[in-house]
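Next up, coords_7.pdb (PDB, C-alpha atoms):
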```pdb
ATOM      1  CA  MET A   1       0.000   0.000   0.000  1.00  0.00           C
ATOM      2  CA  THR A   2       1.157   3.558  -0.580  1.00  0.00           C
ATOM      3  CA  THR A   3       2.228   5.424   2.559  1.00  0.00           C
ATOM      4  CA  MET A   4       0.604   8.699   1.575  1.00  0.00           C
ATOM      5  CA  PRO A   5      -2.227   9.868  -0.682  1.00  0.00           C
ATOM      6  CA  LEU A   6      -1.362   9.485  -4.349  1.00  0.00           C
ATOM      7  CA  GLN A   7      -1.621  13.205  -5.088  1.00  0.00           C
ATOM      8  CA  ASP A   8       0.865  13.988  -2.322  1.00  0.00           C
ATOM      9  CA  GLU A   9       3.348  11.651  -4.002  1.00  0.00           C
ATOM     10  CA  LEU A  10       2.642  13.215  -7.373  1.00  0.00           C
ATOM     11  CA  ASP A  11       3.152  16.703  -5.949  1.00  0.00           C
ATOM     12  CA  ALA A  12       6.525  15.640  -4.556  1.00  0.00           C
ATOM     13  CA  VAL A  13       7.560  14.321  -7.976  1.00  0.00           C
ATOM     14  CA  ARG A  14       6.374  17.525  -9.627  1.00  0.00           C
ATOM     15  CA  GLU A  15       8.503  19.579  -7.243  1.00  0.00           C
ATOM     16  CA  ARG A  16      11.594  17.459  -7.942  1.00  0.00           C
ATOM     17  CA  CYS A  17      11.002  17.667 -11.688  1.00  0.00           C
ATOM     18  CA  HIS A  18      10.608  21.435 -11.463  1.00  0.00           C
ATOM     19  CA  GLU A  19      13.925  21.723  -9.651  1.00  0.00           C
ATOM     20  CA  SER A  20      15.834  19.472 -12.071  1.00  0.00           C
ATOM     21  CA  THR A  21      14.302  20.562 -15.398  1.00  0.00           C
ATOM     22  CA  PRO A  22      15.533  23.607 -17.341  1.00  0.00           C
ATOM     23  CA  GLN A  23      13.107  26.492 -16.947  1.00  0.00           C
ATOM     24  CA  HIS A  24      12.409  26.863 -20.656  1.00  0.00           C
ATOM     25  CA  ILE A  25      11.307  23.212 -20.869  1.00  0.00           C
ATOM     26  CA  SER A  26       9.110  23.549 -17.773  1.00  0.00           C
ATOM     27  CA  ARG A  27       7.466  26.596 -19.349  1.00  0.00           C
ATOM     28  CA  VAL A  28       6.721  24.698 -22.556  1.00  0.00           C
ATOM     29  CA  ARG A  29       5.238  21.751 -20.652  1.00  0.00           C
ATOM     30  CA  GLN A  30       3.094  24.017 -18.501  1.00  0.00           C
ATOM     31  CA  GLY A  31       1.966  25.893 -21.599  1.00  0.00           C
ATOM     32  CA  ALA A  32       0.884  22.603 -23.186  1.00  0.00           C
ATOM     33  CA  ILE A  33      -1.245  21.814 -20.124  1.00  0.00           C
ATOM     34  CA  GLU A  34      -2.850  25.249 -20.234  1.00  0.00           C
ATOM     35  CA  ASP A  35      -3.551  24.867 -23.944  1.00  0.00           C
ATOM     36  CA  LEU A  36      -5.258  21.531 -23.319  1.00  0.00           C
ATOM     37  CA  VAL A  37      -7.385  23.015 -20.553  1.00  0.00           C
ATOM     38  CA  SER A  38      -8.474  25.942 -22.713  1.00  0.00           C
ATOM     39  CA  SER A  39      -9.182  23.672 -25.697  1.00  0.00           C
ATOM     40  CA  GLY A  40     -12.012  21.941 -23.834  1.00  0.00           C
ATOM     41  CA  ILE A  41     -10.791  18.512 -24.940  1.00  0.00           C
ATOM     42  CA  ALA A  42     -11.575  16.941 -21.565  1.00  0.00           C
ATOM     43  CA  GLU A  43     -15.175  18.161 -21.707  1.00  0.00           C
ATOM     44  CA  ARG A  44     -15.621  16.528 -25.133  1.00  0.00           C
ATOM     45  CA  ALA A  45     -14.164  13.178 -24.060  1.00  0.00           C
ATOM     46  CA  VAL A  46     -16.288  10.192 -23.079  1.00  0.00           C
ATOM     47  CA  ARG A  47     -17.902  10.880 -19.714  1.00  0.00           C
ATOM     48  CA  ALA A  48     -19.969   9.050 -17.089  1.00  0.00           C
ATOM     49  CA  GLY A  49     -23.313   8.090 -18.576  1.00  0.00           C
ATOM     50  CA  ASP A  50     -21.918   7.596 -22.090  1.00  0.00           C
ATOM     51  CA  TYR A  51     -21.577   4.256 -23.799  1.00  0.00           C
ATOM     52  CA  ALA A  52     -17.919   3.280 -23.778  1.00  0.00           C
ATOM     53  CA  PRO A  53     -16.267   2.609 -27.127  1.00  0.00           C
ATOM     54  CA  ARG A  54     -15.622  -1.100 -27.557  1.00  0.00           C
ATOM     55  CA  PHE A  55     -12.038  -2.157 -28.196  1.00  0.00           C
ATOM     56  CA  ARG A  56      -9.832  -5.121 -28.989  1.00  0.00           C
ATOM     57  CA  LEU A  57      -6.150  -4.644 -28.223  1.00  0.00           C
ATOM     58  CA  ARG A  58      -3.129  -6.878 -27.753  1.00  0.00           C
ATOM     59  CA  ASP A  59      -1.102  -7.214 -24.591  1.00  0.00           C
ATOM     60  CA  SER A  60       2.690  -7.150 -24.509  1.00  0.00           C
ATOM     61  CA  ASP A  61       2.795 -10.855 -25.450  1.00  0.00           C
ATOM     62  CA  GLY A  62       0.539 -10.376 -28.448  1.00  0.00           C
ATOM     63  CA  LYS A  63      -2.593 -11.870 -26.883  1.00  0.00           C
ATOM     64  CA  ALA A  64      -5.803 -10.144 -27.990  1.00  0.00           C
ATOM     65  CA  ILE A  65      -8.002  -8.778 -25.201  1.00  0.00           C
ATOM     66  CA  SER A  66     -11.512  -7.624 -26.036  1.00  0.00           C
ATOM     67  CA  SER A  67     -13.660  -5.277 -23.965  1.00  0.00           C
ATOM     68  CA  ASN A  68     -16.676  -7.363 -25.019  1.00  0.00           C
ATOM     69  CA  ASP A  69     -15.151 -10.465 -23.426  1.00  0.00           C
ATOM     70  CA  LEU A  70     -14.194  -8.582 -20.276  1.00  0.00           C
ATOM     71  CA  LEU A  71     -17.667  -7.064 -19.883  1.00  0.00           C
ATOM     72  CA  GLU A  72     -19.226 -10.506 -20.020  1.00  0.00           C
ATOM     73  CA  ARG A  73     -17.484 -11.192 -16.699  1.00  0.00           C
ATOM     74  CA  GLY A  74     -18.429  -7.917 -15.016  1.00  0.00           C
ATOM     75  CA  PRO A  75     -17.318  -4.280 -14.846  1.00  0.00           C
ATOM     76  CA  VAL A  76     -14.024  -3.140 -16.356  1.00  0.00           C
ATOM     77  CA  LEU A  77     -11.538  -0.539 -15.128  1.00  0.00           C
ATOM     78  CA  VAL A  78      -9.666   0.956 -18.083  1.00  0.00           C
ATOM     79  CA  VAL A  79      -6.604   2.994 -17.126  1.00  0.00           C
ATOM     80  CA  PHE A  80      -5.148   5.192 -19.864  1.00  0.00           C
ATOM     81  CA  TYR A  81      -1.553   6.273 -19.276  1.00  0.00           C
ATOM     82  CA  ARG A  82       1.051   8.106 -21.343  1.00  0.00           C
ATOM     83  CA  GLY A  83       3.917   5.612 -21.075  1.00  0.00           C
ATOM     84  CA  ARG A  84       6.457   4.241 -18.659  1.00  0.00           C
ATOM     85  CA  TRP A  85       8.699   7.228 -19.411  1.00  0.00           C
ATOM     86  CA  CYS A  86       6.222   9.417 -17.469  1.00  0.00           C
ATOM     87  CA  PRO A  87       7.020   9.485 -13.718  1.00  0.00           C
ATOM     88  CA  TYR A  88       3.451  10.472 -12.868  1.00  0.00           C
ATOM     89  CA  CYS A  89       2.051   7.511 -14.775  1.00  0.00           C
ATOM     90  CA  ARG A  90       4.484   5.183 -13.049  1.00  0.00           C
ATOM     91  CA  LEU A  91       3.269   6.366  -9.655  1.00  0.00           C
ATOM     92  CA  ASP A  92      -0.342   6.054 -10.759  1.00  0.00           C
ATOM     93  CA  LEU A  93       0.125   2.469 -11.931  1.00  0.00           C
ATOM     94  CA  ARG A  94       1.928   1.518  -8.727  1.00  0.00           C
ATOM     95  CA  ALA A  95      -0.853   3.062  -6.635  1.00  0.00           C
ATOM     96  CA  LEU A  96      -3.438   1.068  -8.569  1.00  0.00           C
ATOM     97  CA  GLU A  97      -1.425  -2.118  -8.199  1.00  0.00           C
ATOM     98  CA  ALA A  98      -1.320  -1.547  -4.430  1.00  0.00           C
ATOM     99  CA  VAL A  99      -5.114  -1.892  -4.302  1.00  0.00           C
ATOM    100  CA  ALA A 100      -5.576  -4.184  -7.314  1.00  0.00           C
ATOM    101  CA  ARG A 101      -6.457  -7.262  -5.269  1.00  0.00           C
ATOM    102  CA  ASN A 102      -9.126  -5.358  -3.350  1.00  0.00           C
ATOM    103  CA  LEU A 103     -10.427  -3.862  -6.576  1.00  0.00           C
ATOM    104  CA  ARG A 104     -10.741  -7.289  -8.173  1.00  0.00           C
ATOM    105  CA  SER A 105     -12.641  -8.551  -5.139  1.00  0.00           C
ATOM    106  CA  THR A 106     -15.531  -6.381  -6.360  1.00  0.00           C
ATOM    107  CA  GLY A 107     -15.585  -8.340  -9.629  1.00  0.00           C
ATOM    108  CA  VAL A 108     -13.826  -5.767 -11.810  1.00  0.00           C
ATOM    109  CA  SER A 109     -11.278  -6.562 -14.521  1.00  0.00           C
ATOM    110  CA  ILE A 110      -8.375  -4.107 -14.835  1.00  0.00           C
ATOM    111  CA  VAL A 111      -6.493  -3.170 -17.998  1.00  0.00           C
ATOM    112  CA  ALA A 112      -4.007  -0.378 -18.645  1.00  0.00           C
ATOM    113  CA  VAL A 113      -3.787   1.191 -22.104  1.00  0.00           C
ATOM    114  CA  SER A 114      -1.032   3.299 -23.687  1.00  0.00           C
ATOM    115  CA  PRO A 115       0.292   4.056 -27.180  1.00  0.00           C
ATOM    116  CA  GLN A 116       3.754   2.716 -26.390  1.00  0.00           C
ATOM    117  CA  THR A 117       5.166  -0.385 -28.087  1.00  0.00           C
ATOM    118  CA  ALA A 118       4.706  -3.953 -26.888  1.00  0.00           C
ATOM    119  CA  ASP A 119       8.296  -4.015 -25.602  1.00  0.00           C
ATOM    120  CA  GLU A 120       7.738  -0.835 -23.589  1.00  0.00           C
ATOM    121  CA  SER A 121       4.419  -2.180 -22.290  1.00  0.00           C
ATOM    122  CA  GLY A 122       6.021  -5.443 -21.233  1.00  0.00           C
ATOM    123  CA  ALA A 123       8.782  -3.541 -19.447  1.00  0.00           C
ATOM    124  CA  THR A 124       6.123  -1.512 -17.617  1.00  0.00           C
ATOM    125  CA  GLU A 125       4.496  -4.699 -16.351  1.00  0.00           C
ATOM    126  CA  ARG A 126       7.763  -6.301 -15.268  1.00  0.00           C
ATOM    127  CA  ILE A 127       9.429  -3.311 -13.647  1.00  0.00           C
ATOM    128  CA  HIS A 128       6.373  -2.434 -11.578  1.00  0.00           C
ATOM    129  CA  ASN A 129       5.219  -6.018 -10.951  1.00  0.00           C
ATOM    130  CA  LEU A 130       1.783  -5.264 -12.315  1.00  0.00           C
ATOM    131  CA  SER A 131      -0.887  -7.932 -12.004  1.00  0.00           C
ATOM    132  CA  PHE A 132      -2.963  -6.420 -14.800  1.00  0.00           C
ATOM    133  CA  PRO A 133      -2.056  -6.265 -18.508  1.00  0.00           C
ATOM    134  CA  CYS A 134      -0.679  -3.212 -20.281  1.00  0.00           C
ATOM    135  CA  LEU A 135      -2.382  -3.136 -23.671  1.00  0.00           C
ATOM    136  CA  VAL A 136      -0.840  -1.654 -26.811  1.00  0.00           C
ATOM    137  CA  ASP A 137      -2.935   1.105 -28.399  1.00  0.00           C
ATOM    138  CA  ARG A 138      -0.819   1.657 -31.502  1.00  0.00           C
ATOM    139  CA  GLY A 139      -1.383   5.130 -32.881  1.00  0.00           C
ATOM    140  CA  GLY A 140      -3.769   5.920 -30.022  1.00  0.00           C
ATOM    141  CA  ARG A 141      -6.837   4.569 -31.861  1.00  0.00           C
ATOM    142  CA  VAL A 142      -8.716   3.612 -28.712  1.00  0.00           C
ATOM    143  CA  ALA A 143      -7.613   6.772 -26.901  1.00  0.00           C
ATOM    144  CA  SER A 144      -8.967   8.722 -29.854  1.00  0.00           C
ATOM    145  CA  ALA A 145     -12.316   6.898 -29.626  1.00  0.00           C
ATOM    146  CA  PHE A 146     -12.520   7.958 -25.970  1.00  0.00           C
ATOM    147  CA  GLY A 147     -11.562  11.536 -26.908  1.00  0.00           C
ATOM    148  CA  LEU A 148      -8.244  11.447 -25.062  1.00  0.00           C
ATOM    149  CA  ARG A 149      -5.689  11.697 -27.881  1.00  0.00           C
ATOM    150  CA  TRP A 150      -3.997  14.983 -28.764  1.00  0.00           C
ATOM    151  CA  LYS A 151      -1.242  16.198 -31.070  1.00  0.00           C
ATOM    152  CA  VAL A 152       2.025  17.404 -29.575  1.00  0.00           C
ATOM    153  CA  SER A 153       3.015  20.896 -30.734  1.00  0.00           C
ATOM    154  CA  GLN A 154       6.308  21.483 -32.508  1.00  0.00           C
ATOM    155  CA  GLU A 155       7.515  23.491 -29.496  1.00  0.00           C
ATOM    156  CA  LEU A 156       6.737  20.670 -27.061  1.00  0.00           C
ATOM    157  CA  ARG A 157       8.215  18.106 -29.430  1.00  0.00           C
ATOM    158  CA  ALA A 158      11.494  20.031 -29.557  1.00  0.00           C
ATOM    159  CA  ALA A 159      11.535  20.399 -25.772  1.00  0.00           C
ATOM    160  CA  GLU A 160      10.963  16.679 -25.178  1.00  0.00           C
ATOM    161  CA  LEU A 161      13.582  15.696 -27.734  1.00  0.00           C
ATOM    162  CA  GLU A 162      15.987  17.957 -25.864  1.00  0.00           C
ATOM    163  CA  THR A 163      15.342  15.919 -22.700  1.00  0.00           C
ATOM    164  CA  GLY A 164      15.879  12.647 -24.574  1.00  0.00           C
ATOM    165  CA  LEU A 165      12.238  11.618 -25.039  1.00  0.00           C
ATOM    166  CA  ASP A 166      11.508  10.532 -28.619  1.00  0.00           C
ATOM    167  CA  LEU A 167       7.835   9.584 -28.773  1.00  0.00           C
ATOM    168  CA  ALA A 168       8.220   8.240 -32.298  1.00  0.00           C
ATOM    169  CA  ALA A 169      10.675   5.643 -30.966  1.00  0.00           C
ATOM    170  CA  VAL A 170       8.803   4.912 -27.720  1.00  0.00           C
ATOM    171  CA  ASN A 171       5.461   4.497 -29.482  1.00  0.00           C
ATOM    172  CA  GLY A 172       6.800   2.868 -32.627  1.00  0.00           C
ATOM    173  CA  GLU A 173       4.993   5.269 -34.968  1.00  0.00           C
ATOM    174  CA  PRO A 174       5.664   8.859 -36.078  1.00  0.00           C
ATOM    175  CA  SER A 175       2.478  10.753 -35.155  1.00  0.00           C
ATOM    176  CA  TRP A 176       3.836  12.417 -32.002  1.00  0.00           C
ATOM    177  CA  THR A 177       0.472  12.197 -30.251  1.00  0.00           C
ATOM    178  CA  LEU A 178      -0.186  11.721 -26.557  1.00  0.00           C
ATOM    179  CA  THR A 179      -3.016  10.272 -24.501  1.00  0.00           C
ATOM    180  CA  MET A 180      -4.504  12.214 -21.612  1.00  0.00           C
ATOM    181  CA  PRO A 181      -4.300  10.011 -18.502  1.00  0.00           C
ATOM    182  CA  ALA A 182      -7.742   8.774 -17.510  1.00  0.00           C
ATOM    183  CA  ARG A 183      -9.589   6.095 -15.576  1.00  0.00           C
ATOM    184  CA  TYR A 184     -12.914   4.670 -16.668  1.00  0.00           C
ATOM    185  CA  VAL A 185     -15.149   2.217 -14.848  1.00  0.00           C
ATOM    186  CA  ILE A 186     -17.432   0.610 -17.403  1.00  0.00           C
ATOM    187  CA  GLY A 187     -20.469  -1.292 -16.200  1.00  0.00           C
ATOM    188  CA  PRO A 188     -21.427  -4.711 -17.609  1.00  0.00           C
ATOM    189  CA  ASP A 189     -24.014  -2.944 -19.784  1.00  0.00           C
ATOM    190  CA  GLY A 190     -21.239  -0.959 -21.476  1.00  0.00           C
ATOM    191  CA  ILE A 191     -22.128   2.365 -19.866  1.00  0.00           C
ATOM    192  CA  VAL A 192     -19.411   4.423 -18.203  1.00  0.00           C
ATOM    193  CA  GLU A 193     -20.081   4.604 -14.466  1.00  0.00           C
ATOM    194  CA  TYR A 194     -17.020   6.658 -13.533  1.00  0.00           C
ATOM    195  CA  ALA A 195     -14.641   8.862 -15.514  1.00  0.00           C
ATOM    196  CA  ASP A 196     -11.564  10.651 -14.182  1.00  0.00           C
ATOM    197  CA  ILE A 197      -9.694  12.529 -16.907  1.00  0.00           C
ATOM    198  CA  SER A 198      -6.381  14.191 -16.044  1.00  0.00           C
ATOM    199  CA  VAL A 199      -6.028  17.069 -18.480  1.00  0.00           C
ATOM    200  CA  ASP A 200      -3.156  18.059 -16.170  1.00  0.00           C
ATOM    201  CA  TYR A 201      -1.046  14.898 -16.204  1.00  0.00           C
ATOM    202  CA  THR A 202       0.490  15.748 -12.809  1.00  0.00           C
ATOM    203  CA  ARG A 203      -2.872  15.310 -11.095  1.00  0.00           C
ATOM    204  CA  ARG A 204      -4.736  12.012 -10.617  1.00  0.00           C
ATOM    205  CA  GLY A 205      -7.699  10.922  -8.541  1.00  0.00           C
ATOM    206  CA  ASP A 206      -6.987   8.649  -5.605  1.00  0.00           C
ATOM    207  CA  PRO A 207      -7.623   4.938  -6.274  1.00  0.00           C
ATOM    208  CA  THR A 208      -9.910   4.812  -3.230  1.00  0.00           C
ATOM    209  CA  GLU A 209     -12.470   6.779  -5.254  1.00  0.00           C
ATOM    210  CA  LEU A 210     -13.083   3.635  -7.312  1.00  0.00           C
ATOM    211  CA  PHE A 211     -14.454   1.471  -4.520  1.00  0.00           C
ATOM    212  CA  PRO A 212     -17.839   3.180  -3.951  1.00  0.00           C
ATOM    213  CA  VAL A 213     -18.552   2.997  -7.686  1.00  0.00           C
ATOM    214  CA  LEU A 214     -17.598  -0.662  -7.932  1.00  0.00           C
ATOM    215  CA  ASN A 215     -19.528  -1.577  -4.793  1.00  0.00           C
ATOM    216  CA  GLN A 216     -22.635   0.104  -6.200  1.00  0.00           C
ATOM    217  CA  ILE A 217     -22.303  -1.909  -9.409  1.00  0.00           C
ATOM    218  CA  ARG A 218     -21.882  -5.125  -7.460  1.00  0.00           C
ATOM    219  CA  ALA A 219     -24.926  -4.330  -5.298  1.00  0.00           C
ATOM    220  CA  ARG A 220     -27.058  -3.796  -8.420  1.00  0.00           C
ATOM    221  CA  VAL A 221     -25.903  -7.089  -9.914  1.00  0.00           C
ATOM    222  CA  VAL A 222     -26.615  -9.006  -6.717  1.00  0.00           C
ATOM    223  CA  HIS A 223     -30.144  -7.613  -6.494  1.00  0.00           C
TER     224      HIS A 223
END
```

Show this structure as structure tokens.
Amino acid sequence: MTTMPLQDELDAVRERCHESTPQHISRVRQGAIEDLVSSGIAERAVRAGDYAPRFRLRDSDGKAISSNDLLERGPVLVVFYRGRWCPYCRLDLRALEAVARNLRSTGVSIVAVSPQTADESGATERIHNLSFPCLVDRGGRVASAFGLRWKVSQELRAAELETGLDLAAVNGEPSWTLTMPARYVIGPDGIVEYADISVDYTRRGDPTELFPVLNQIRARVVH
């Protein structure tokens, strides 16, 4: 279990990153967040009450996993993350893994989704000892269906390349697009019961917020 609330850990990482990152790169990253907020992209994304787009993706071993098959078993928690290169996503995945057993006790299946390659996804699973699969969303097709995919500006691209991050290499395709981090709980009927979209990638909801939603779904199924 984490020793402090997830957002406190994320804030500590943000402070360390701010101290160690050149100011001009920090300004570009912050500007990209502000541009996303003002664009209204999060408000146009799939929300609670919407039908969730169906998907069929492969895990890091090449096995196909279908949302239709998962929903036949019960609710599904879909976690969108940017990639293992993102320290905030790494913390988020570890926080979810810390409560994964308790989450699954409610009957939910958990999958994580990112545009990174199968090799990067497999490394994410191994390094963080994840008990749930990291699915490969090549080109961000599923993220796009959920309304979470966005194009990196030339300014941000140059800044990230300066730090050593080449998204074309990490994701195995040249689009230089990113996925907004998000968590979705999808009910067995395919309707989104919970949506937490992080237009600011340094902020995430606490995993404990998932339990009331999942318990309500389980109570409905039982009755």

As number ranges by chain, please: the residues near region 32-40 of chain A (cut-off 8 Å, only C-alpha atoms, same-chain neighbours under 3 positions excluded).
A: 28-29, 43-44, 156, 199-201

If you take every atom of region 137-142 of chain A that the file lists and fit an axis-aligned box around them with 5 Å extra on each side, what centre and edge lengths come out in Å to one decimal, as JSON?
```
{"center_x": -4.8, "center_y": 3.5, "center_z": -30.6, "size_x": 17.9, "size_y": 14.8, "size_z": 14.5}
```

Explicit residue set for the PyMOL selection byres ((chain A and resi 116) around 12), as an MDAnalysis selection string:
chainID A and resid 58:60 80:86 112:115 117:124 134:140 166:179

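Using all atoms listed in the file, the smallest distance between any of A:Val152, A:Ile110, A:Ile65, A:Ala42 and Leu210 (chain A) comes from A:Ile110.
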
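Selection by the PyMOL selection byres ((chain A and resi 196) around 6) on the present file picks out Ala182, Arg183, Ala195 and Ile197 of chain A.
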
Residues from last step as file, C-alpha atoms, as a PDB file, in the coordinates of the input:
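File selection_33.pdb, as written:
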```pdb
ATOM      1  CA  ALA A 182      -7.742   8.774 -17.510  1.00  0.00           C
ATOM      2  CA  ARG A 183      -9.589   6.095 -15.576  1.00  0.00           C
ATOM      3  CA  ALA A 195     -14.641   8.862 -15.514  1.00  0.00           C
ATOM      4  CA  ILE A 197      -9.694  12.529 -16.907  1.00  0.00           C
TER       5      ILE A 197
END
```

Pick the closest to Ser67 (chain A) from A:Asp189, A:Leu130, A:Arg101, A:Glu9: which is it, counting only C-alpha atoms?
A:Asp189

Can you spell out as a compact mmCIF listing (two decimals) with C-alpha atoms, in the frame of the given file the set of residues that the PyMOL selection byres ((chain A and resi 53) around 7) selects in the structure I just provided?
```txt
# COMPACT_ATOMS: atom_id res chain seq x y z
CA TYR A 51 -21.58 4.26 -23.80
CA ALA A 52 -17.92 3.28 -23.78
CA ARG A 54 -15.62 -1.10 -27.56
CA PHE A 55 -12.04 -2.16 -28.20
CA ALA A 145 -12.32 6.90 -29.63
CA PHE A 146 -12.52 7.96 -25.97
```

Surrounding residues of Asp8 (chain A) excluding itself and chain neighbours under 5 positions, 12 Å, all atoms listed in the file, as a count of residues only
14

Point out the residue among A:Val79, A:Val46, A:Val99, A:Leu71 with the least atom-to-atom distance to Leu6 (chain A), counting all atoms listed in the file.
A:Val99

Selected residue of minimal separation from Gly31 (chain A) among A:Ser153, A:Ser105, A:Ser198, A:Thr163, counting only C-alpha atoms:
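Ranked by minimum distance to Gly31 (chain A), first place goes to A:Ser153.
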
Compare A:Ile127, A:Ala48, A:Leu103, A:Val142 by their minimum atom-to-atom distance to Ser66 (chain A), counting all atoms listed in the file, and give me the closest one.
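Among A:Ile127, A:Ala48, A:Leu103, A:Val142, it is A:Val142 that comes nearest to Ser66 (chain A).
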
Using all atoms listed in the file, which of A:Met180, A:Val213, A:Val108, A:Val185 sits nearest Lys151 (chain A)?
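With all atoms listed in the file as the atom set, the closest residue is A:Met180.
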
CA of Phe132 (chain A) to CA of Leu214 (chain A): how many Å, to one decimal?
17.2 Å

Can you pull out the residues contacting Thr106 (chain A)? Cut-off 9 Å, using all atoms listed in the file, and skip same-chain residues under 6 positions away; I want them as a VMD selection string.
chain A and resid 75 211 214 to 215 217 to 218

Selection to disk with C-alpha atoms, as a short mmCIF file (atom, residue, chain, number, x, y, z; two decimals), in the frame of the given file:
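Heads up, here's the output in again-v5.cif:
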```cif
data_model
loop_
_atom_site.label_atom_id
_atom_site.label_comp_id
_atom_site.auth_asym_id
_atom_site.auth_seq_id
_atom_site.Cartn_x
_atom_site.Cartn_y
_atom_site.Cartn_z
CA PRO A 75 -17.32 -4.28 -14.85
CA PHE A 211 -14.45 1.47 -4.52
CA LEU A 214 -17.60 -0.66 -7.93
CA ASN A 215 -19.53 -1.58 -4.79
CA ILE A 217 -22.30 -1.91 -9.41
CA ARG A 218 -21.88 -5.12 -7.46
#
```

At a cut-off of 6 Å around the point (-9.0, -5.1, -15.9) (file coordinates), what residues fall inside when counting all atoms listed in the file? I'd like the answer as a PyMOL selection string.
chain A and resi 76-77+109-111

Residue subset to file, keeping C-alpha atoms, as an mmCIF file, in the coordinates of the input:
```cif
data_model
loop_
_atom_site.group_PDB
_atom_site.id
_atom_site.type_symbol
_atom_site.label_atom_id
_atom_site.label_comp_id
_atom_site.auth_asym_id
_atom_site.auth_seq_id
_atom_site.Cartn_x
_atom_site.Cartn_y
_atom_site.Cartn_z
ATOM 1 C CA VAL A 76 -14.024 -3.140 -16.356
ATOM 2 C CA LEU A 77 -11.538 -0.539 -15.128
ATOM 3 C CA SER A 109 -11.278 -6.562 -14.521
ATOM 4 C CA ILE A 110 -8.375 -4.107 -14.835
ATOM 5 C CA VAL A 111 -6.493 -3.170 -17.998
#
```

Write region 100-111 of chain A as an mmCIF file, keeping the file's coordinate frame, completed to N, CA, C and O atoms.
```cif
data_model
loop_
_atom_site.group_PDB
_atom_site.id
_atom_site.type_symbol
_atom_site.label_atom_id
_atom_site.label_comp_id
_atom_site.auth_asym_id
_atom_site.auth_seq_id
_atom_site.Cartn_x
_atom_site.Cartn_y
_atom_site.Cartn_z
ATOM 1 N N ALA A 100 -4.997 -3.376 -6.238
ATOM 2 C CA ALA A 100 -5.576 -4.184 -7.314
ATOM 3 C C ALA A 100 -6.323 -5.401 -6.790
ATOM 4 O O ALA A 100 -7.410 -5.745 -7.297
ATOM 5 N N ARG A 101 -5.775 -6.075 -5.790
ATOM 6 C CA ARG A 101 -6.457 -7.262 -5.269
ATOM 7 C C ARG A 101 -7.807 -6.892 -4.684
ATOM 8 O O ARG A 101 -8.806 -7.578 -4.924
ATOM 9 N N ASN A 102 -7.852 -5.796 -3.929
ATOM 10 C CA ASN A 102 -9.126 -5.358 -3.350
ATOM 11 C C ASN A 102 -10.094 -4.903 -4.428
ATOM 12 O O ASN A 102 -11.303 -5.126 -4.328
ATOM 13 N N LEU A 103 -9.571 -4.260 -5.461
ATOM 14 C CA LEU A 103 -10.427 -3.862 -6.576
ATOM 15 C C LEU A 103 -11.044 -5.086 -7.235
ATOM 16 O O LEU A 103 -12.256 -5.138 -7.495
ATOM 17 N N ARG A 104 -10.228 -6.087 -7.495
ATOM 18 C CA ARG A 104 -10.741 -7.289 -8.173
ATOM 19 C C ARG A 104 -11.734 -8.057 -7.323
ATOM 20 O O ARG A 104 -12.571 -8.791 -7.856
ATOM 21 N N SER A 105 -11.671 -7.866 -6.010
ATOM 22 C CA SER A 105 -12.641 -8.551 -5.139
ATOM 23 C C SER A 105 -14.060 -8.050 -5.376
ATOM 24 O O SER A 105 -15.025 -8.712 -4.995
ATOM 25 N N THR A 106 -14.204 -6.899 -6.015
ATOM 26 C CA THR A 106 -15.531 -6.381 -6.360
ATOM 27 C C THR A 106 -16.041 -6.966 -7.677
ATOM 28 O O THR A 106 -17.171 -6.686 -8.081
ATOM 29 N N GLY A 107 -15.194 -7.736 -8.364
ATOM 30 C CA GLY A 107 -15.585 -8.340 -9.629
ATOM 31 C C GLY A 107 -15.095 -7.616 -10.854
ATOM 32 O O GLY A 107 -15.422 -8.011 -11.979
ATOM 33 N N VAL A 108 -14.283 -6.574 -10.678
ATOM 34 C CA VAL A 108 -13.826 -5.767 -11.810
ATOM 35 C C VAL A 108 -12.587 -6.381 -12.461
ATOM 36 O O VAL A 108 -11.748 -6.988 -11.786
ATOM 37 N N SER A 109 -12.504 -6.266 -13.784
ATOM 38 C CA SER A 109 -11.278 -6.562 -14.521
ATOM 39 C C SER A 109 -10.531 -5.252 -14.736
ATOM 40 O O SER A 109 -11.147 -4.206 -14.936
ATOM 41 N N ILE A 110 -9.197 -5.311 -14.702
ATOM 42 C CA ILE A 110 -8.375 -4.107 -14.835
ATOM 43 C C ILE A 110 -7.475 -4.251 -16.053
ATOM 44 O O ILE A 110 -6.805 -5.276 -16.225
ATOM 45 N N VAL A 111 -7.451 -3.228 -16.889
ATOM 46 C CA VAL A 111 -6.493 -3.170 -17.998
ATOM 47 C C VAL A 111 -5.927 -1.762 -18.061
ATOM 48 O O VAL A 111 -6.617 -0.785 -17.772
#
```
